[in-house]
>>> print(open('data23.csv').read())   # CSV, C-alpha atoms and all ligand atoms
chain,number,residue,atom,x,y,z
A,1,VAL,CA,34.4,20.8,24.2
A,2,GLU,CA,32.3,18.5,26.3
A,3,PRO,CA,32.6,14.6,25.9
A,4,LEU,CA,30.1,13.3,23.3
A,5,ILE,CA,28.2,10.1,23.7
A,6,GLY,CA,26.0,8.4,21.1
A,7,THR,CA,24.3,5.0,20.8
A,8,LEU,CA,23.3,3.0,17.9
A,9,ASP,CA,21.4,-0.3,17.8
A,10,PHE,CA,23.1,-2.2,14.9
A,11,ASP,CA,20.1,-4.3,14.3
A,12,SER,CA,17.3,-1.8,14.3
A,13,GLY,CA,19.4,1.3,13.2
A,14,LYS,CA,17.8,3.2,16.1
A,15,THR,CA,20.2,5.9,17.3
A,16,ASP,CA,20.6,8.5,19.9
A,17,GLY,CA,23.0,11.5,19.7
A,18,LEU,CA,24.3,10.7,16.2
A,19,LYS,CA,23.6,12.6,13.0
A,20,ARG,CA,22.1,10.4,10.4
A,21,GLU,CA,22.6,10.8,6.6
A,22,GLN,CA,20.9,8.5,4.1
A,23,LYS,CA,22.0,7.6,0.6
A,24,THR,CA,19.2,6.3,-1.7
A,25,LEU,CA,19.5,4.7,-5.1
A,26,ARG,CA,18.7,8.0,-6.8
A,27,GLU,CA,21.7,9.6,-5.2
A,28,LEU,CA,24.0,6.9,-6.7
A,29,SER,CA,22.9,7.7,-10.2
A,30,GLY,CA,25.7,7.2,-12.8
A,31,LEU,CA,27.9,5.0,-10.5
A,32,PHE,CA,26.7,1.5,-11.3
A,33,ALA,CA,28.0,-0.1,-14.5
A,34,ASP,CA,24.7,-1.5,-15.8
A,35,GLU,CA,22.6,1.6,-16.7
A,36,ALA,CA,19.6,-0.4,-17.8
A,37,ALA,CA,19.5,-2.4,-14.6
A,38,PHE,CA,19.8,0.9,-12.6
A,39,ALA,CA,16.9,2.4,-14.5
A,40,LEU,CA,14.8,-0.7,-13.7
A,41,GLU,CA,15.7,-0.6,-10.0
A,42,LEU,CA,15.1,3.2,-9.9
A,43,ALA,CA,11.6,2.8,-11.5
A,44,LYS,CA,10.7,0.2,-8.9
A,45,ASP,CA,11.7,2.3,-5.9
A,46,PRO,CA,13.6,5.6,-6.4
A,47,SER,CA,14.1,6.2,-2.7
A,48,ARG,CA,15.3,2.7,-1.9
A,49,LEU,CA,17.9,2.9,0.9
A,50,VAL,CA,21.4,1.8,-0.1
A,51,TYR,CA,23.4,3.0,2.9
A,52,GLU,CA,23.3,5.2,6.0
A,53,VAL,CA,26.1,7.1,7.7
A,54,PHE,CA,25.8,7.9,11.4
A,55,THR,CA,28.2,10.6,12.7
A,56,LEU,CA,29.6,11.7,16.0
A,57,GLN,CA,31.7,14.7,15.5
A,58,PRO,CA,32.0,17.8,17.8
A,59,ASP,CA,33.4,20.3,15.2
A,60,GLU,CA,35.1,20.3,11.8
A,61,ASN,CA,38.3,21.3,13.4
A,62,ALA,CA,41.8,19.6,13.0
A,63,ALA,CA,41.9,19.1,16.8
A,64,HIS,CA,38.9,16.8,16.6
A,65,LEU,CA,38.1,13.4,15.2
A,66,ALA,CA,35.0,12.4,13.1
A,67,CYS,CA,33.5,9.0,14.0
A,68,HIS,CA,31.1,7.3,11.7
A,69,VAL,CA,29.1,4.1,11.6
A,70,THR,CA,28.1,3.1,8.1
A,71,ILE,CA,25.4,0.5,7.4
A,72,ILE,CA,25.2,-0.7,3.8
A,73,GLN,CA,22.0,-2.7,2.8
A,74,PRO,CA,22.4,-5.9,0.9
A,75,GLY,CA,21.4,-5.7,-2.7
A,76,THR,CA,22.5,-5.4,-6.3
A,77,VAL,CA,22.0,-3.3,-9.4
A,78,GLY,CA,22.1,-6.0,-12.1
A,79,LYS,CA,25.0,-8.1,-10.9
A,80,GLU,CA,26.8,-5.3,-9.1
A,81,PHE,CA,26.7,-5.3,-5.3
A,82,PHE,CA,25.5,-2.2,-3.4
A,83,PHE,CA,28.4,0.1,-2.3
A,84,THR,CA,29.3,3.5,-0.8
A,85,LYS,CA,30.0,6.3,-3.3
A,86,GLY,CA,33.6,6.2,-2.2
A,87,HIS,CA,36.0,9.2,-1.9
A,88,LEU,CA,39.3,10.7,-1.3
A,89,HIS,CA,39.7,13.2,1.5
A,90,GLN,CA,39.9,16.9,0.5
A,91,ILE,CA,42.8,17.1,2.9
A,92,GLN,CA,44.8,14.3,1.1
A,93,GLU,CA,47.1,13.8,4.0
A,94,THR,CA,44.3,12.1,5.9
A,95,ALA,CA,44.5,8.5,7.2
A,96,GLU,CA,41.4,6.6,8.4
A,97,ILE,CA,40.7,3.5,10.4
A,98,TYR,CA,37.9,1.0,9.7
A,99,LEU,CA,36.6,-1.6,12.0
A,100,CYS,CA,34.0,-4.1,10.6
A,101,ILE,CA,31.3,-4.9,13.1
A,102,LYS,CA,28.7,-7.0,11.2
A,103,GLY,CA,28.2,-8.6,7.8
A,104,THR,CA,30.5,-9.4,5.0
A,105,GLY,CA,32.1,-6.9,2.6
A,106,LEU,CA,35.0,-5.8,0.6
A,107,LEU,CA,37.0,-2.6,1.0
A,108,LEU,CA,38.2,-1.3,-2.3
A,109,LEU,CA,41.4,0.8,-2.0
A,110,GLN,CA,42.9,2.7,-4.9
A,111,ARG,CA,46.0,4.9,-5.2
A,112,GLU,CA,46.4,5.9,-8.9
A,113,SER,CA,46.6,2.5,-10.7
A,114,ASP,CA,47.3,0.5,-7.6
A,115,VAL,CA,44.1,-1.3,-6.5
A,116,ARG,CA,43.6,-3.5,-3.5
A,117,THR,CA,40.6,-5.3,-2.0
A,118,VAL,CA,40.4,-6.2,1.6
A,119,LYS,CA,37.8,-8.7,2.9
A,120,MET,CA,35.7,-7.2,5.7
A,121,GLN,CA,34.2,-9.4,8.3
A,122,PRO,CA,33.4,-8.7,12.0
A,123,GLY,CA,36.7,-7.8,13.7
A,124,THR,CA,38.6,-6.8,10.5
A,125,ILE,CA,40.6,-3.6,11.2
A,126,VAL,CA,42.1,-1.7,8.3
A,127,TYR,CA,44.4,1.3,8.4
A,128,ILE,CA,43.8,3.4,5.2
A,129,PRO,CA,46.9,5.5,4.6
A,130,PRO,CA,46.6,9.0,3.2
A,131,ARG,CA,45.9,9.4,-0.6
A,132,TRP,CA,44.1,6.0,-1.0
A,133,ALA,CA,40.6,6.4,-2.3
A,134,HIS,CA,38.2,4.0,-0.6
A,135,ARG,CA,34.8,2.5,-1.3
A,136,THR,CA,33.0,-0.3,0.7
A,137,ILE,CA,30.9,-3.0,-1.0
A,138,ASN,CA,28.4,-5.2,0.8
A,139,ILE,CA,28.9,-8.7,-0.7
A,140,GLY,CA,26.7,-10.5,1.7
A,141,ASP,CA,22.9,-10.9,2.2
A,142,THR,CA,22.7,-9.0,5.5
A,143,PRO,CA,23.5,-5.4,6.3
A,144,LEU,CA,27.3,-4.6,6.4
A,145,VAL,CA,28.1,-2.4,9.5
A,146,PHE,CA,31.5,-0.8,10.0
A,147,PHE,CA,33.0,1.9,12.2
A,148,SER,CA,35.5,4.5,11.0
A,149,VAL,CA,37.5,7.4,12.3
A,150,HIS,CA,39.4,10.2,10.7
A,151,ARG,CA,40.5,13.8,11.4
A,152,ALA,CA,37.4,16.0,11.6
A,153,ASP,CA,38.5,18.6,9.1
A,154,ALA,CA,39.4,16.0,6.3
A,155,GLY,CA,36.4,16.7,4.0
A,156,TYR,CA,35.3,14.5,1.1
A,157,ASP,CA,36.3,14.6,-2.6
A,158,TYR,CA,33.7,12.5,-4.4
A,159,ARG,CA,35.3,12.8,-7.8
A,160,ALA,CA,37.0,9.5,-6.9
A,161,SER,CA,33.5,7.8,-6.9
A,162,THR,CA,33.6,7.6,-10.8
A,163,GLN,CA,37.2,6.6,-11.0
A,164,PHE,CA,37.4,3.2,-9.3
A,165,LEU,CA,39.1,0.7,-11.6
A,166,LYS,CA,37.4,-2.4,-10.2
A,167,ARG,CA,33.7,-3.5,-9.8
A,168,ILE,CA,32.5,-6.2,-7.5
A,169,LEU,CA,29.8,-8.4,-9.1
A,170,LYS,CA,27.7,-11.4,-8.0
A,171,LYS,CA,28.8,-14.6,-9.6
A,172,HIS,CA,26.5,-16.2,-12.2
A,173,ASN,CA,25.6,-19.0,-9.9
A,174,ASN,CA,24.9,-16.3,-7.1
A,175,GLU,CA,27.6,-17.9,-4.9
A,176,GLY,CA,30.2,-15.3,-3.9
A,177,TYR,CA,31.7,-12.5,-5.8
A,178,GLU,CA,34.0,-11.7,-8.7
A,179,ILE,CA,36.2,-8.7,-9.4
A,180,HIS,CA,35.8,-7.0,-12.8
A,181,ASN,CA,37.6,-4.1,-14.5
A,182,SER,CA,35.5,-0.9,-14.7
A,183,PHE,CA,36.7,0.3,-18.1
B,201,FE,FE,37.1,8.3,4.2
>>> encode(input="data23.csv", output="structure tokens", more="lines below")
Ligand SMILES: [Fe+2]
Amino acid sequence: VEPLIGTLDFDSGKTDGLKREQKTLRELSGLFADEAAFALELAKDPSRLVYEVFTLQPDENAAHLACHVTIIQPGTVGKEFFFTKGHLHQIQETAEIYLCIKGTGLLLLQRESDVRTVKMQPGTIVYIPPRWAHRTINIGDTPLVFFSVHRADAGYDYRASTQFLKRILKKHNNEGYEIHNSF
């Protein structure tokens, strides 16, 4: 395998050599708590961009690594901040490393009933051990940008996306965030 090189302008989102995947509001149907607010936002703009994942990966082979840069737009559905779907890896014995580059976020980590939140700001590095489901939430008013690496054959199990026990909501006075139970 030849060395791979990609570039990404964090401000404009312009890329070279990276695969780009977009997640719009429509694709996050059923994941936000406030269904009425979701319907309202969807009616306004069904293809509103929530986040993008840029990938540099030679092959889905255990010898390789998958590198991603994720950019989550600022925004809410009702009071709930925009987030990534969140997942476990299909190969559960997969660890992952996150490095926050820009913006302010929370990383939600969950293993069975054990839930942790990690504040993400530029320079925050998190080692996510195997078997912890993970979702990232943009709690700021600018795009949240982070870099991540995991084994290339890990795969994604999105069943975890409906099973997070905590939700991150904007405070009533719009200053900061609060953590609520999902169920
Ligand atoms: Fe992951």
>>> residues_near_point(input="data23.csv", point="(26.5, 13.5, 20.2)", cutoff="10 Å", atoms="all atoms listed in the file", output="PyMOL selection string")
chain A and resi 2-7+16-19+55-58
>>> write_last_selection(input="data23.csv", atoms="C-alpha atoms", output="PDB file, in the frame of the given file")
ATOM      1  CA  GLU A   2      32.300  18.500  26.300  1.00  0.00           C
ATOM      2  CA  PRO A   3      32.600  14.600  25.900  1.00  0.00           C
ATOM      3  CA  LEU A   4      30.100  13.300  23.300  1.00  0.00           C
ATOM      4  CA  ILE A   5      28.200  10.100  23.700  1.00  0.00           C
ATOM      5  CA  GLY A   6      26.000   8.400  21.100  1.00  0.00           C
ATOM      6  CA  THR A   7      24.300   5.000  20.800  1.00  0.00           C
ATOM      7  CA  ASP A  16      20.600   8.500  19.900  1.00  0.00           C
ATOM      8  CA  GLY A  17      23.000  11.500  19.700  1.00  0.00           C
ATOM      9  CA  LEU A  18      24.300  10.700  16.200  1.00  0.00           C
ATOM     10  CA  LYS A  19      23.600  12.600  13.000  1.00  0.00           C
ATOM     11  CA  THR A  55      28.200  10.600  12.700  1.00  0.00           C
ATOM     12  CA  LEU A  56      29.600  11.700  16.000  1.00  0.00           C
ATOM     13  CA  GLN A  57      31.700  14.700  15.500  1.00  0.00           C
ATOM     14  CA  PRO A  58      32.000  17.800  17.800  1.00  0.00           C
TER      15      PRO A  58
END
>>> residues_near_ligand(input="data23.csv", ligand="ligand FE 201 (chain B)", cutoff="12 Å", atoms="only C-alpha atoms and all ligand atoms", output="MDAnalysis selection string")
chainID A and resid 53 66:70 84:98 107:109 126:136 147:158 160:161
>>> write_last_selection(input="data23.csv", atoms="C-alpha atoms", output="CSV table (one decimal), in the coordinates of the input")
chain,number,residue,atom,x,y,z
A,53,VAL,CA,26.1,7.1,7.7
A,66,ALA,CA,35.0,12.4,13.1
A,67,CYS,CA,33.5,9.0,14.0
A,68,HIS,CA,31.1,7.3,11.7
A,69,VAL,CA,29.1,4.1,11.6
A,70,THR,CA,28.1,3.1,8.1
A,84,THR,CA,29.3,3.5,-0.8
A,85,LYS,CA,30.0,6.3,-3.3
A,86,GLY,CA,33.6,6.2,-2.2
A,87,HIS,CA,36.0,9.2,-1.9
A,88,LEU,CA,39.3,10.7,-1.3
A,89,HIS,CA,39.7,13.2,1.5
A,90,GLN,CA,39.9,16.9,0.5
A,91,ILE,CA,42.8,17.1,2.9
A,92,GLN,CA,44.8,14.3,1.1
A,93,GLU,CA,47.1,13.8,4.0
A,94,THR,CA,44.3,12.1,5.9
A,95,ALA,CA,44.5,8.5,7.2
A,96,GLU,CA,41.4,6.6,8.4
A,97,ILE,CA,40.7,3.5,10.4
A,98,TYR,CA,37.9,1.0,9.7
A,107,LEU,CA,37.0,-2.6,1.0
A,108,LEU,CA,38.2,-1.3,-2.3
A,109,LEU,CA,41.4,0.8,-2.0
A,126,VAL,CA,42.1,-1.7,8.3
A,127,TYR,CA,44.4,1.3,8.4
A,128,ILE,CA,43.8,3.4,5.2
A,129,PRO,CA,46.9,5.5,4.6
A,130,PRO,CA,46.6,9.0,3.2
A,131,ARG,CA,45.9,9.4,-0.6
A,132,TRP,CA,44.1,6.0,-1.0
A,133,ALA,CA,40.6,6.4,-2.3
A,134,HIS,CA,38.2,4.0,-0.6
A,135,ARG,CA,34.8,2.5,-1.3
A,136,THR,CA,33.0,-0.3,0.7
A,147,PHE,CA,33.0,1.9,12.2
A,148,SER,CA,35.5,4.5,11.0
A,149,VAL,CA,37.5,7.4,12.3
A,150,HIS,CA,39.4,10.2,10.7
A,151,ARG,CA,40.5,13.8,11.4
A,152,ALA,CA,37.4,16.0,11.6
A,153,ASP,CA,38.5,18.6,9.1
A,154,ALA,CA,39.4,16.0,6.3
A,155,GLY,CA,36.4,16.7,4.0
A,156,TYR,CA,35.3,14.5,1.1
A,157,ASP,CA,36.3,14.6,-2.6
A,158,TYR,CA,33.7,12.5,-4.4
A,160,ALA,CA,37.0,9.5,-6.9
A,161,SER,CA,33.5,7.8,-6.9
>>> closest_residue(input="data23.csv", among="A:Met120, A:Gly78, A:Ser182, A:Ile71", to="Ser12 of chain A", atoms="all atoms listed in the file")
A:Ile71
>>> closest_residue(input="data23.csv", among="A:Gln110, A:Asp11, A:Val77, A:Tyr51", to="Glu35 of chain A", atoms="only C-alpha atoms")
A:Val77
>>> residues_around(input="data23.csv", residues="Gln121 of chain A", least_positions_apart="4", cutoff="9 Å", atoms="only C-alpha atoms", output="MDAnalysis selection string")
chainID A and resid 99:106 144
>>> closest_residue(input="data23.csv", among="A:Gly13, A:Tyr177, A:Pro46, A:Asp141", to="Lys119 of chain A", atoms="all atoms listed in the file")
A:Tyr177
>>> closest_residue(input="data23.csv", among="A:Leu65, A:Leu165, A:Val50, A:Leu31", to="Glu112 of chain A", atoms="only C-alpha atoms")
A:Leu165
>>> closest_residue(input="data23.csv", among="A:Arg167, A:His64, A:Lys14, A:His172", to="Phe81 of chain A", atoms="all atoms listed in the file")
A:Arg167
>>> residues_near_point(input="data23.csv", point="(38.0, 1.8, -19.6)", cutoff="12 Å", atoms="all atoms listed in the file", output="PyMOL selection string")
chain A and resi 33+162-167+180-183
>>> closest_residue(input="data23.csv", among="A:Gln22, A:Ser113, A:Thr124, A:Asn174", to="Ile139 of chain A", atoms="all atoms listed in the file")
A:Asn174
>>> atom_distance(input="data23.csv", atom1="atom CA of Leu169 of chain A", atom2="atom CA of Phe32 of chain A")
10.6 Å
